[in-house]
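Each remark here refers to the structure printed beneath this line.
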Amino acid sequence: MAEHGAHITTASVADDQPSIFEVVAQDSLMTAVRPALQHVVKVLAESNPAHYGFFWRWFDEIFTLLDLLLQQHYLSKTSASFSENFYGLKRIVMGDTHKPERLASAGLPKKQLWKSVMFLVLLPYLKVKLEKLVSSLIEEDEYSIHPPSSRWKQFYRAFLAAYPFVNMAWEGWFFVQQLRYILGKAQHHSPLLRLAGVRLGRLTIQDIQTLEHKAAEASMMQQPARSVGEKIKSALKKTLGGAALSLSTGLSVGVFFLQFLEWWYSSENQETIKSLTALPTPPPPVHLDYNSDSPLLPKMKTMCPLCRKIRVNDTVLATSGYVFCYRCVFNYVRSHQACPITGYPTEVQHLIKLYSPEN
């Protein structure tokens with residue numbers, strides 16, 4: 001009986017594979033960090049563009065740099081990414097069946113570490129940039145007034161047509177892998193873990209004790225550097241380590257606040273938020289008098305304020321309410337991002353084609 005009970009205990013301890021809820025929760029943690037920080041930076045940039053506009057323009061690059069610093073720190077110190085360590089998980093190197101399992105405090109080997117960094121940091125950055133490129137190309141294609149004549153335009157239109165199917169295949173690949181993980185047919189919930197040569201496992205008691213002991217030793221032992229090069233290297237290492245530690249501590253403290261922001265700004269709650277924070281509808285603006293001596297407005301209501309000719313393809317700019325020729329206002333707004341009459345900032349999406357009963 002004792003041997004049978006020991007066998008059961010050993011098998012349960014060896015079965016360290018996390019559940020699908022744990023791995024999905026740690027995946028969603030880092031996806032919640034980016035939009036929350038992006039919203040904070042956007043608010044700061046809108047409040048003071050001179051001081052914080054730089055952070056908004058280069059947000060993707062700054063976030064990627066901080067994410068690289070954070071993930072490299074955790075992978076080398078705890079054998080896990082920030083979100084994986086937050087949920088008590090670690091990355092286990094595949095193929096080491098004949099060797100004793102590495103402790104989490106030993107960190108990942110260099111090969112698996114840099115593969116993990118590439119899939120955790122570089123791949124999401126490239127995906128965000130690709131989505132922004134596709135969005136801009138779709139916008140340009142929808143509002144373009146020139147037919148696709150060159151091979152380049154034909155190529156990017158074919159790319160835009162194929163992108164949704166490629167993206168669907170990519171997401172389907174992850175879905176199938178998660179389904180296989182739930183059914184116990186795979187050791188990885190994500191194909192990126194397989195490509196990195198690792199799998200996820202729970203932290204053991206020995207891992208936790210070793211990590212705590214190592215952190216205590218690091219705070220107590222400080223060896224003075226001997227040469228100038230060693231001093232510079234030590235100072236740089238301390239600076240990077242301190243920045244990574246500060247970033248990880250701040251994220252650990254604010255993770256629940258970030259998840260609350262994700263819930264608050266999710267599309268499901270927007271109608272509720274609007275109903276709770278709704279304000280009375282403002283009155284319509286007072287129209288300018290066409291008999292005024294303003295040089296910007298033509299005397300005749302059927303004339304375009306830009307070309308000073310009878311309007312062709314009447315198009316209203318929703319930002320200000322003025323009507324122009326479609327070609328005139330499209331080219332002006334695309335070049336200046338502003339209303340020709342009022343100077344209000346605007347985009348080509350705010351152009352609305354008007355159709356009269358004659359045409």
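Chain lettering (A, B, ...) mirrors the order of the structure tokens, residue numbering begins at 1 for each chain separately, and ligand numbering begins at 1 in order of display.
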Test item: residues at most 12 Å from Cys328 in chain A, only C-alpha atoms, excluding those fewer than 5 positions along its chain, as a VMD selection string: chain A and resid 145 303 to 317 323 333 to 335 339 to 340 348 351
Residues of range 3-120 of chain A classed as strand (DSSP E) by DSSP on the backbone are to be reported as an mmCIF file with all heavy atoms, in the first residue's frame.
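Generated file (part_8.cif):
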data_model
loop_
_atom_site.group_PDB
_atom_site.id
_atom_site.type_symbol
_atom_site.label_atom_id
_atom_site.label_comp_id
_atom_site.auth_asym_id
_atom_site.auth_seq_id
_atom_site.Cartn_x
_atom_site.Cartn_y
_atom_site.Cartn_z
ATOM 1 N N LEU A 89 4.677 29.677 -13.612
ATOM 2 C CA LEU A 89 5.068 28.720 -14.642
ATOM 3 C C LEU A 89 6.530 28.927 -15.015
ATOM 4 O O LEU A 89 7.133 29.953 -14.678
ATOM 5 C CB LEU A 89 4.185 28.875 -15.885
ATOM 6 C CG LEU A 89 2.673 28.779 -15.676
ATOM 7 C CD1 LEU A 89 1.948 29.021 -16.986
ATOM 8 C CD2 LEU A 89 2.285 27.435 -15.087
ATOM 9 N N LYS A 90 7.102 27.969 -15.699
ATOM 10 C CA LYS A 90 8.470 28.063 -16.187
ATOM 11 C C LYS A 90 8.573 27.354 -17.529
ATOM 12 O O LYS A 90 7.702 26.557 -17.898
ATOM 13 C CB LYS A 90 9.452 27.442 -15.189
ATOM 14 C CG LYS A 90 9.276 25.933 -15.006
ATOM 15 C CD LYS A 90 10.324 25.370 -14.081
ATOM 16 C CE LYS A 90 10.148 23.846 -13.909
ATOM 17 N NZ LYS A 90 11.180 23.266 -13.033
ATOM 18 N N ARG A 91 9.646 27.650 -18.263
ATOM 19 C CA ARG A 91 9.905 27.017 -19.553
ATOM 20 C C ARG A 91 10.910 25.876 -19.359
ATOM 21 O O ARG A 91 11.975 26.086 -18.782
ATOM 22 C CB ARG A 91 10.433 28.036 -20.559
ATOM 23 C CG ARG A 91 9.411 29.118 -20.882
ATOM 24 C CD ARG A 91 9.777 29.925 -22.094
ATOM 25 N NE ARG A 91 8.647 30.759 -22.496
ATOM 26 C CZ ARG A 91 8.423 31.186 -23.719
ATOM 27 N NH1 ARG A 91 9.256 30.874 -24.696
ATOM 28 N NH2 ARG A 91 7.372 31.932 -24.009
ATOM 29 N N ILE A 92 10.536 24.711 -19.839
ATOM 30 C CA ILE A 92 11.367 23.518 -19.707
ATOM 31 C C ILE A 92 11.899 23.160 -21.091
ATOM 32 O O ILE A 92 11.133 23.059 -22.054
ATOM 33 C CB ILE A 92 10.555 22.353 -19.118
ATOM 34 C CG1 ILE A 92 9.995 22.743 -17.746
ATOM 35 C CG2 ILE A 92 11.416 21.105 -19.000
ATOM 36 C CD1 ILE A 92 9.025 21.737 -17.167
ATOM 37 N N VAL A 93 13.215 22.972 -21.185
ATOM 38 C CA VAL A 93 13.849 22.661 -22.459
ATOM 39 C C VAL A 93 13.459 21.253 -22.886
ATOM 40 O O VAL A 93 13.528 20.305 -22.095
ATOM 41 C CB VAL A 93 15.377 22.785 -22.351
ATOM 42 C CG1 VAL A 93 16.041 22.457 -23.685
ATOM 43 C CG2 VAL A 93 15.753 24.201 -21.915
#
Minimum-distance residue to Tyr322 in chain A, chosen among A:Phe54, A:Tyr344, A:Phe82, A:Phe59 (using only C-alpha atoms): A:Tyr344
CA of Met168 in chain A to CA of Gln187 in chain A, distance in Å rounded to a single decimal: 23.2 Å
One-decimal distance in Å that lies between CA of Arg157 in chain A and CA of Phe324 in chain A: 28.8 Å
For range 174-181 of chain A: contacts at 12 Å, only C-alpha atoms, fewer than 2 positions along chain excluded, given as a ChimeraX atom specification: /A:17-21,23-24,167-172,183-194,199-200
Deliver the residues from the most recent selection as a file, using N, CA and C atoms, as a JSON list (two decimals), in the first residue's frame.
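Output contents, as saved in again36.json:
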[["chain", "number", "residue", "atom", "x", "y", "z"],
["A", 17, "GLN", "N", 2.22, 19.67, -16.08],
["A", 17, "GLN", "CA", 1.67, 20.43, -17.21],
["A", 17, "GLN", "C", 0.53, 21.31, -16.75],
["A", 18, "PRO", "N", 0.60, 22.63, -16.99],
["A", 18, "PRO", "CA", -0.47, 23.53, -16.55],
["A", 18, "PRO", "C", -1.76, 23.32, -17.35],
["A", 19, "SER", "N", -2.85, 23.77, -16.80],
["A", 19, "SER", "CA", -4.14, 23.64, -17.47],
["A", 19, "SER", "C", -4.27, 24.69, -18.57],
["A", 20, "ILE", "N", -5.26, 24.51, -19.42],
["A", 20, "ILE", "CA", -5.48, 25.45, -20.52],
["A", 20, "ILE", "C", -5.87, 26.83, -19.98],
["A", 21, "PHE", "N", -6.51, 26.87, -18.80],
["A", 21, "PHE", "CA", -6.92, 28.15, -18.22],
["A", 21, "PHE", "C", -5.69, 28.95, -17.77],
["A", 23, "VAL", "N", -2.54, 28.72, -19.03],
["A", 23, "VAL", "CA", -1.74, 29.19, -20.16],
["A", 23, "VAL", "C", -2.46, 30.30, -20.93],
["A", 24, "VAL", "N", -3.78, 30.21, -21.04],
["A", 24, "VAL", "CA", -4.53, 31.27, -21.72],
["A", 24, "VAL", "C", -4.51, 32.55, -20.90],
["A", 167, "ASN", "N", -4.17, 35.64, -42.34],
["A", 167, "ASN", "CA", -4.38, 35.89, -40.92],
["A", 167, "ASN", "C", -5.31, 34.84, -40.30],
["A", 168, "MET", "N", -6.34, 34.44, -41.05],
["A", 168, "MET", "CA", -7.25, 33.41, -40.56],
["A", 168, "MET", "C", -6.52, 32.07, -40.40],
["A", 169, "ALA", "N", -5.63, 31.75, -41.34],
["A", 169, "ALA", "CA", -4.85, 30.52, -41.23],
["A", 169, "ALA", "C", -3.91, 30.55, -40.03],
["A", 170, "TRP", "N", -3.33, 31.74, -39.77],
["A", 170, "TRP", "CA", -2.44, 31.90, -38.61],
["A", 170, "TRP", "C", -3.21, 31.69, -37.31],
["A", 171, "GLU", "N", -4.36, 32.33, -37.17],
["A", 171, "GLU", "CA", -5.16, 32.18, -35.96],
["A", 171, "GLU", "C", -5.71, 30.76, -35.85],
["A", 172, "GLY", "N", -6.06, 30.15, -36.98],
["A", 172, "GLY", "CA", -6.54, 28.77, -36.95],
["A", 172, "GLY", "C", -5.47, 27.80, -36.50],
["A", 183, "LEU", "N", -7.11, 18.33, -25.45],
["A", 183, "LEU", "CA", -7.39, 16.90, -25.58],
["A", 183, "LEU", "C", -6.21, 16.03, -25.15],
["A", 184, "GLY", "N", -5.10, 16.65, -24.74],
["A", 184, "GLY", "CA", -3.94, 15.89, -24.29],
["A", 184, "GLY", "C", -3.12, 15.30, -25.41],
["A", 185, "LYS", "N", -3.28, 15.81, -26.63],
["A", 185, "LYS", "CA", -2.54, 15.30, -27.79],
["A", 185, "LYS", "C", -1.25, 16.08, -28.05],
["A", 186, "ALA", "N", -1.02, 17.16, -27.32],
["A", 186, "ALA", "CA", 0.18, 17.98, -27.53],
["A", 186, "ALA", "C", 0.68, 18.50, -26.19],
["A", 187, "GLN", "N", 1.99, 18.76, -26.13],
["A", 187, "GLN", "CA", 2.60, 19.31, -24.93],
["A", 187, "GLN", "C", 2.66, 20.82, -24.95],
["A", 188, "HIS", "N", 2.31, 21.42, -26.08],
["A", 188, "HIS", "CA", 2.39, 22.86, -26.23],
["A", 188, "HIS", "C", 1.02, 23.41, -26.58],
["A", 189, "HIS", "N", 0.62, 24.50, -25.92],
["A", 189, "HIS", "CA", -0.64, 25.15, -26.30],
["A", 189, "HIS", "C", -0.42, 26.14, -27.43],
["A", 190, "SER", "N", 0.84, 26.48, -27.70],
["A", 190, "SER", "CA", 1.16, 27.43, -28.76],
["A", 190, "SER", "C", 2.25, 26.84, -29.65],
["A", 191, "PRO", "N", 2.10, 26.94, -30.96],
["A", 191, "PRO", "CA", 3.16, 26.42, -31.85],
["A", 191, "PRO", "C", 4.48, 27.17, -31.70],
["A", 192, "LEU", "N", 4.45, 28.41, -31.17],
["A", 192, "LEU", "CA", 5.68, 29.17, -30.98],
["A", 192, "LEU", "C", 6.56, 28.54, -29.91],
["A", 193, "LEU", "N", 5.95, 27.92, -28.90],
["A", 193, "LEU", "CA", 6.74, 27.23, -27.88],
["A", 193, "LEU", "C", 7.48, 26.05, -28.48],
["A", 194, "ARG", "N", 6.81, 25.34, -29.37],
["A", 194, "ARG", "CA", 7.46, 24.20, -30.04],
["A", 194, "ARG", "C", 8.62, 24.67, -30.89],
["A", 199, "ARG", "N", 8.71, 23.81, -23.42],
["A", 199, "ARG", "CA", 7.31, 23.61, -23.04],
["A", 199, "ARG", "C", 7.10, 24.26, -21.69],
["A", 200, "LEU", "N", 5.84, 24.50, -21.34],
["A", 200, "LEU", "CA", 5.52, 25.14, -20.07],
["A", 200, "LEU", "C", 5.27, 24.09, -18.99]]
Given only C-alpha atoms as the counted atoms, nearest of A:Ile208, A:Val134, A:Val128, A:Leu122 to Ala158 in chain A: A:Val134
